[in-house]
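Data block below; observations after.
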Amino acid sequence: MLKLPYIQLSGFYFFYFALLGALVPYWSLYLKAYGFGAETIGMLMAVLHGTRIVAPNIWGWIADKTGQRLRIVRVGAFITCLFFIGIFWQNDAVGIGLVMLCFSFFWNAVLPQFEVITLSHLGDQRDKYSQIRLWGSVGFIIAVVVLGWVFDWVSVTWLPAVMLGLMVCIWLNALLVPAPETLRPAKEVGDGFLALLLRPQVIAFFLVCFLVQFSHGAYYTFYSVLMEEVGFSRSEIGLLWAVGVIAEVIIFIYMHRMIARFGLRHIMLVSLLLCIIRWQLIGQWPDTLGLMLVAQTFHAATFGCLHAVGIALVHHYFTEKTHGQGQALFSSFGFGAGGAAGALVSGLVWDDWGASWTFSVSAAACAVALVLAYVWIYPEKVQQKR
């Protein structure tokens with residue numbers, strides 16, 4: 001067996017999520033700097049999520065058929081850089097939207113396949129996934145804190161230059177990652193992808209994923225805007241984002257122990273309950289620093305725990321042959337369709353309903369997800385056929 005390329009795998013997550021740390025908190029502020037309203041910002045942010053509906057499934061199907069996951073990651077990262085260069089010549093919503101559509105189509109295809117590569121390298125040590133993934137959180141923290149401080153001093157219109165640099169780093173790091181020994185087309189064993197997908201528990205799982213990411217739509221789109229409106233500086237906003245991801249890092253460190261002790265079902269249920277509380281805190285008391293710090297620590301559950309549980313459940317529900325398609329659907333249905341719908345809906349209601357009602361909608365979505373998970377998610381009762 002090849003030696004685990006810990007540095008290369010961790011480096012990819014570091015740069016990938018550093019880019020996310022630049023994009024998610026500050027892209028809406030970048031769009032606002034061009035004078036776009038909440039509805040336009042919501043639609044543009046929905047484009048980023050929307051490409052996840054299609055792109056990961058196309059590339060996931062190709063990867064499962066060919067086994068060329070690493071090549072797909074490398075090519076996808078390179079083309080992402082090429083398309084994003086076009087942003088420097090755009091200053092209207094249509095032009096910016098087209099660039100976002102093109103670059104995100106390839107960028108959103110990269111991570112699901114890299115997740116499979118990482119888990120293939122780990123082999124029987126998949127419980128150590130979180131120890132590699134946490135470096136993504138470290139990258140996010142560094143990016144969001146440093147850029148928050150920088151954008152207090154320089155214009156946020158410098159953001160695309162920073163993002164392009166990080167995209168190049170992702171591509172270069174992908175060139176250094178070796179292919180795992182198991183990374184070749186798997187033989188078809190057991191049920192096919194559609195048969196596995198149509199089991200009631202699996203359907204419920206993907207509905208939960210959709211609702212969770214729908215609930216995050218308002219947060220990813222308007223949290224920075226809201227914090228700025230209630231009086232926080234951009235460096236303070238960056239620190240608030242960092243608090244959430246620091247909590248996420250801590251939870252990733254101990255996640256393998258938590259899963260062993262409490263099980264996937266119980267972690268999911270508690271995390272969904274904390275989701276409801278978090279969105280209500282942000283919506284009702286955004287100007288109260290103490291409550292915002294509490295709400296941000298809940299990111300450990302609302303993203304960290306639910307992401308790790310989701311990755312584990314995909315590998316629990318699907319066979320080796322269908323892992324790529326399973327990861328792609330996990331990304332496209334949750335982060336893609338759910339995130340796009342959440343961004344779009346929050347953009348449509350933000351000006352008329354305000355932050356309080358917008359985040360209440362997010363909390364309601366999580367409440368529905370909690371009921372679905374409580375009734376249907378029993379991983380130990382559904383075993384995949386190898």
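Going through the structure tokens in order, the chains are called A, B, and so on, while each chain numbers its residues from 1 and the ligands are numbered from 1 in the order shown.
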
Requested in this report: Can you pull out every residue within 9 Å of Cys305 in chain A, counting only C-alpha atoms, but drop anything in the same chain fewer than 3 positions away, and send it as a PyMOL selection string?
Outcome: chain A and resi 248+251-252+255+267-268+271+299-302+308-310

Report task. Show which residues sit within 8 Å of Leu159 in chain A, as a PyMOL selection string. Count only C-alpha atoms, and ignore same-chain residues fewer than 2 positions away. Result -> chain A and resi 22+26-27+30+156-157+161-163

Same residues, C-alpha atoms, saved as a compact mmCIF listing (two decimals), in the first residue's frame:
```txt
# COMPACT_ATOMS: atom_id res chain seq x y z
CA ALA A 22 -12.57 34.42 0.46
CA TYR A 26 -16.93 38.62 1.01
CA TRP A 27 -18.40 37.92 -2.44
CA TYR A 30 -18.07 42.60 -3.54
CA VAL A 156 -13.23 44.83 -1.60
CA THR A 157 -12.92 45.03 -5.41
CA ALA A 161 -7.25 38.89 -7.57
CA VAL A 162 -6.97 37.05 -4.25
CA MET A 163 -9.37 34.35 -5.40
```

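Taking CA of Ala340 in chain A and CA of Arg52 in chain A as the two end points, the separation is 8.7 Å.
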
Requested in this report: From the DSSP assignment of the backbone, select every residue of range 60-300 of chain A that is helix (DSSP H, G or I), and format the answer as number ranges by chain.
Outcome: A: 60-66, 69-89, 93-150, 156-176, 193-197, 200-229, 234-262, 264-284, 289-297, 299-300

Find the nearest atom pair between each residue of range 209-309 of chain A and range 371-375 of chain A for residues within 10 Å, count only C-alpha atoms, give distances in Å to one decimal, sort rows by chain and ascending number, and present the table as JSON lines.
```
{"residue": "A:Arg265", "atom": "CA", "partner": "A:Ala373", "partner_atom": "CA", "distance": 7.9}
{"residue": "A:His266", "atom": "CA", "partner": "A:Tyr374", "partner_atom": "CA", "distance": 9.1}
{"residue": "A:Met268", "atom": "CA", "partner": "A:Ala373", "partner_atom": "CA", "distance": 7.6}
{"residue": "A:Leu269", "atom": "CA", "partner": "A:Ala373", "partner_atom": "CA", "distance": 6.7}
{"residue": "A:Leu272", "atom": "CA", "partner": "A:Ala373", "partner_atom": "CA", "distance": 8.8}
```

Can you spit out the residues from that selection as a PDB file, in the first residue's frame, using N, CA and C atoms?
```pdb
ATOM      1  N   ARG A 265     -26.643   8.629  13.787  1.00  0.00           N
ATOM      2  CA  ARG A 265     -28.017   9.108  13.964  1.00  0.00           C
ATOM      3  C   ARG A 265     -28.113  10.172  15.050  1.00  0.00           C
ATOM      4  N   HIS A 266     -27.553   9.907  16.216  1.00  0.00           N
ATOM      5  CA  HIS A 266     -27.692  10.843  17.329  1.00  0.00           C
ATOM      6  C   HIS A 266     -26.943  12.151  17.076  1.00  0.00           C
ATOM      7  N   MET A 268     -26.512  13.501  14.148  1.00  0.00           N
ATOM      8  CA  MET A 268     -27.343  14.236  13.191  1.00  0.00           C
ATOM      9  C   MET A 268     -28.512  14.922  13.879  1.00  0.00           C
ATOM     10  N   LEU A 269     -29.202  14.231  14.764  1.00  0.00           N
ATOM     11  CA  LEU A 269     -30.384  14.803  15.414  1.00  0.00           C
ATOM     12  C   LEU A 269     -30.022  16.008  16.281  1.00  0.00           C
ATOM     13  N   LEU A 272     -29.069  19.019  14.062  1.00  0.00           N
ATOM     14  CA  LEU A 272     -30.221  19.676  13.457  1.00  0.00           C
ATOM     15  C   LEU A 272     -30.953  20.565  14.466  1.00  0.00           C
TER      16      LEU A 272
END
```

Report summary line: Nearest to Trp171 in chain A, restricted to only C-alpha atoms and choosing among A:Phe78, A:Val54, A:Ala63, A:Leu313, comes out as A:Phe78

Query raised in the report: Which residues, written as a count of residues only, have at least one atom at most 10 Å from Leu164 in chain A, with only C-alpha atoms counted and residues fewer than 3 positions away on the same chain left out?
Result: 14

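Counting from CA of Leu239 in chain A, the distance to CA of Thr221 in chain A is 17.2 Å.
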
Query raised in the report: Counting only C-alpha atoms, what is within 9 Å of Arg234 in chain A, bar same-chain residues fewer than 2 positions away, as a PyMOL selection string?
Result: chain A and resi 147-152+224+227-228+232+236-239

Requested in this report: Could you tell me how far CA of Thr297 in chain A lies from CA of Ala247 in chain A, in Å and to one decimal?
Outcome: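 The value is 5.4 Å.
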
**Report entry** Shell of 6 Å around Phe335 in chain A, only C-alpha atoms, local chain residues under 4 positions omitted, as a PyMOL selection string
**Finding:** chain A and resi 213+331+339

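Here the question is which of A:Phe12, A:Tyr6, A:Phe205, A:Tyr219 gets nearest to Leu175 in chain A using only C-alpha atoms, and that residue is A:Phe12.
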
Query raised in the report: Which residue out of A:Trp153, A:Phe359, A:Phe333, A:Phe206 has the minimum interatomic distance to Tyr220 in chain A when only C-alpha atoms are used?
Result: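 Once distances to Tyr220 in chain A are computed over only C-alpha atoms, the minimum belongs to A:Phe359.
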
Requested in this report: Within 7 Å of Ser362 in chain A, counting only C-alpha atoms, which residues show up once you throw out same-chain ones fewer than 6 positions away? Write them as an MDAnalysis selection string, please.
Outcome: chainID A and resid 215:216 279

Those same residues, written as an mmCIF file, in the first residue's frame with C-alpha atoms?
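That gives us part-v2.cif:
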```cif
data_model
loop_
_atom_site.group_PDB
_atom_site.id
_atom_site.type_symbol
_atom_site.label_atom_id
_atom_site.label_comp_id
_atom_site.auth_asym_id
_atom_site.auth_seq_id
_atom_site.Cartn_x
_atom_site.Cartn_y
_atom_site.Cartn_z
ATOM 1 C CA SER A 215 -31.337 26.839 5.636
ATOM 2 C CA HIS A 216 -27.727 27.957 5.145
ATOM 3 C CA TRP A 279 -30.724 30.653 12.845
#
```

Requested in this report: Quick one: everything within 10 Å of Leu211 in chain A, counting only C-alpha atoms, minus sequence neighbours fewer than 5 positions away in the same chain. Send it as a list in words.
Outcome: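 The contact residues come out as Phe206, His216, Gly217, Phe333, Gly334, Phe335, Ala337, Gly338, Gly339, Ala341, Gly342, Ser362, Ala363, Ala364, Ala365, Cys366, Ala367, Val368, Ala369 and Leu370 of chain A.
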
Selection export as a compact mmCIF listing (two decimals), in the first residue's frame, atoms kept: N, CA and C atoms:
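What landed in part04.txt:
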```txt
# COMPACT_ATOMS: atom_id res chain seq x y z
N PHE A 206 -31.22 12.40 1.66
CA PHE A 206 -30.96 13.48 0.71
C PHE A 206 -31.93 14.65 0.90
N HIS A 216 -28.98 27.19 5.14
CA HIS A 216 -27.73 27.96 5.14
C HIS A 216 -27.70 29.04 4.06
N GLY A 217 -28.69 29.05 3.16
CA GLY A 217 -28.69 29.99 2.06
C GLY A 217 -28.63 31.44 2.50
N PHE A 333 -27.38 17.81 -4.59
CA PHE A 333 -28.72 17.94 -4.03
C PHE A 333 -28.72 18.82 -2.79
N GLY A 334 -27.66 18.72 -1.98
CA GLY A 334 -27.58 19.55 -0.79
C GLY A 334 -27.01 20.91 -1.08
N PHE A 335 -25.68 20.98 -1.29
CA PHE A 335 -25.01 22.25 -1.53
C PHE A 335 -25.50 22.91 -2.81
N ALA A 337 -28.70 22.18 -5.11
CA ALA A 337 -30.12 22.55 -5.15
C ALA A 337 -30.56 23.25 -3.87
N GLY A 338 -30.16 22.71 -2.73
CA GLY A 338 -30.54 23.32 -1.45
C GLY A 338 -29.94 24.70 -1.28
N GLY A 339 -28.64 24.82 -1.55
CA GLY A 339 -27.97 26.11 -1.40
C GLY A 339 -28.51 27.14 -2.37
N ALA A 341 -31.55 27.21 -3.83
CA ALA A 341 -32.90 27.58 -3.42
C ALA A 341 -32.87 28.51 -2.21
N GLY A 342 -31.98 28.21 -1.25
CA GLY A 342 -31.88 29.05 -0.07
C GLY A 342 -31.40 30.45 -0.39
N SER A 362 -35.26 29.76 7.58
CA SER A 362 -34.15 28.81 7.68
C SER A 362 -34.37 27.84 8.85
N ALA A 363 -34.79 28.38 9.99
CA ALA A 363 -35.04 27.55 11.16
C ALA A 363 -36.17 26.56 10.91
N ALA A 364 -37.21 27.00 10.20
CA ALA A 364 -38.34 26.12 9.89
C ALA A 364 -37.90 24.96 8.99
N ALA A 365 -37.03 25.24 8.04
CA ALA A 365 -36.52 24.19 7.15
C ALA A 365 -35.77 23.13 7.96
N CYS A 366 -34.98 23.58 8.94
CA CYS A 366 -34.25 22.63 9.79
C CYS A 366 -35.18 21.83 10.68
N ALA A 367 -36.29 22.45 11.09
CA ALA A 367 -37.26 21.73 11.91
C ALA A 367 -37.87 20.56 11.11
N VAL A 368 -38.16 20.81 9.84
CA VAL A 368 -38.68 19.73 8.98
C VAL A 368 -37.62 18.64 8.81
N ALA A 369 -36.36 19.07 8.63
CA ALA A 369 -35.27 18.10 8.48
C ALA A 369 -35.11 17.26 9.74
N LEU A 370 -35.29 17.87 10.90
CA LEU A 370 -35.18 17.15 12.16
C LEU A 370 -36.25 16.06 12.26
```

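With distances restricted to only C-alpha atoms, A:Gly283 is the closest residue to Ala355 in chain A from A:Gly283, A:Gly67, A:Pro379, A:Gly37.
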
**Report entry** Nearest-residue call for Ala218 in chain A, choices A:Leu98, A:Ile79, A:Val24, A:Ala343, using only C-alpha atoms
**Finding:** A:Ala343
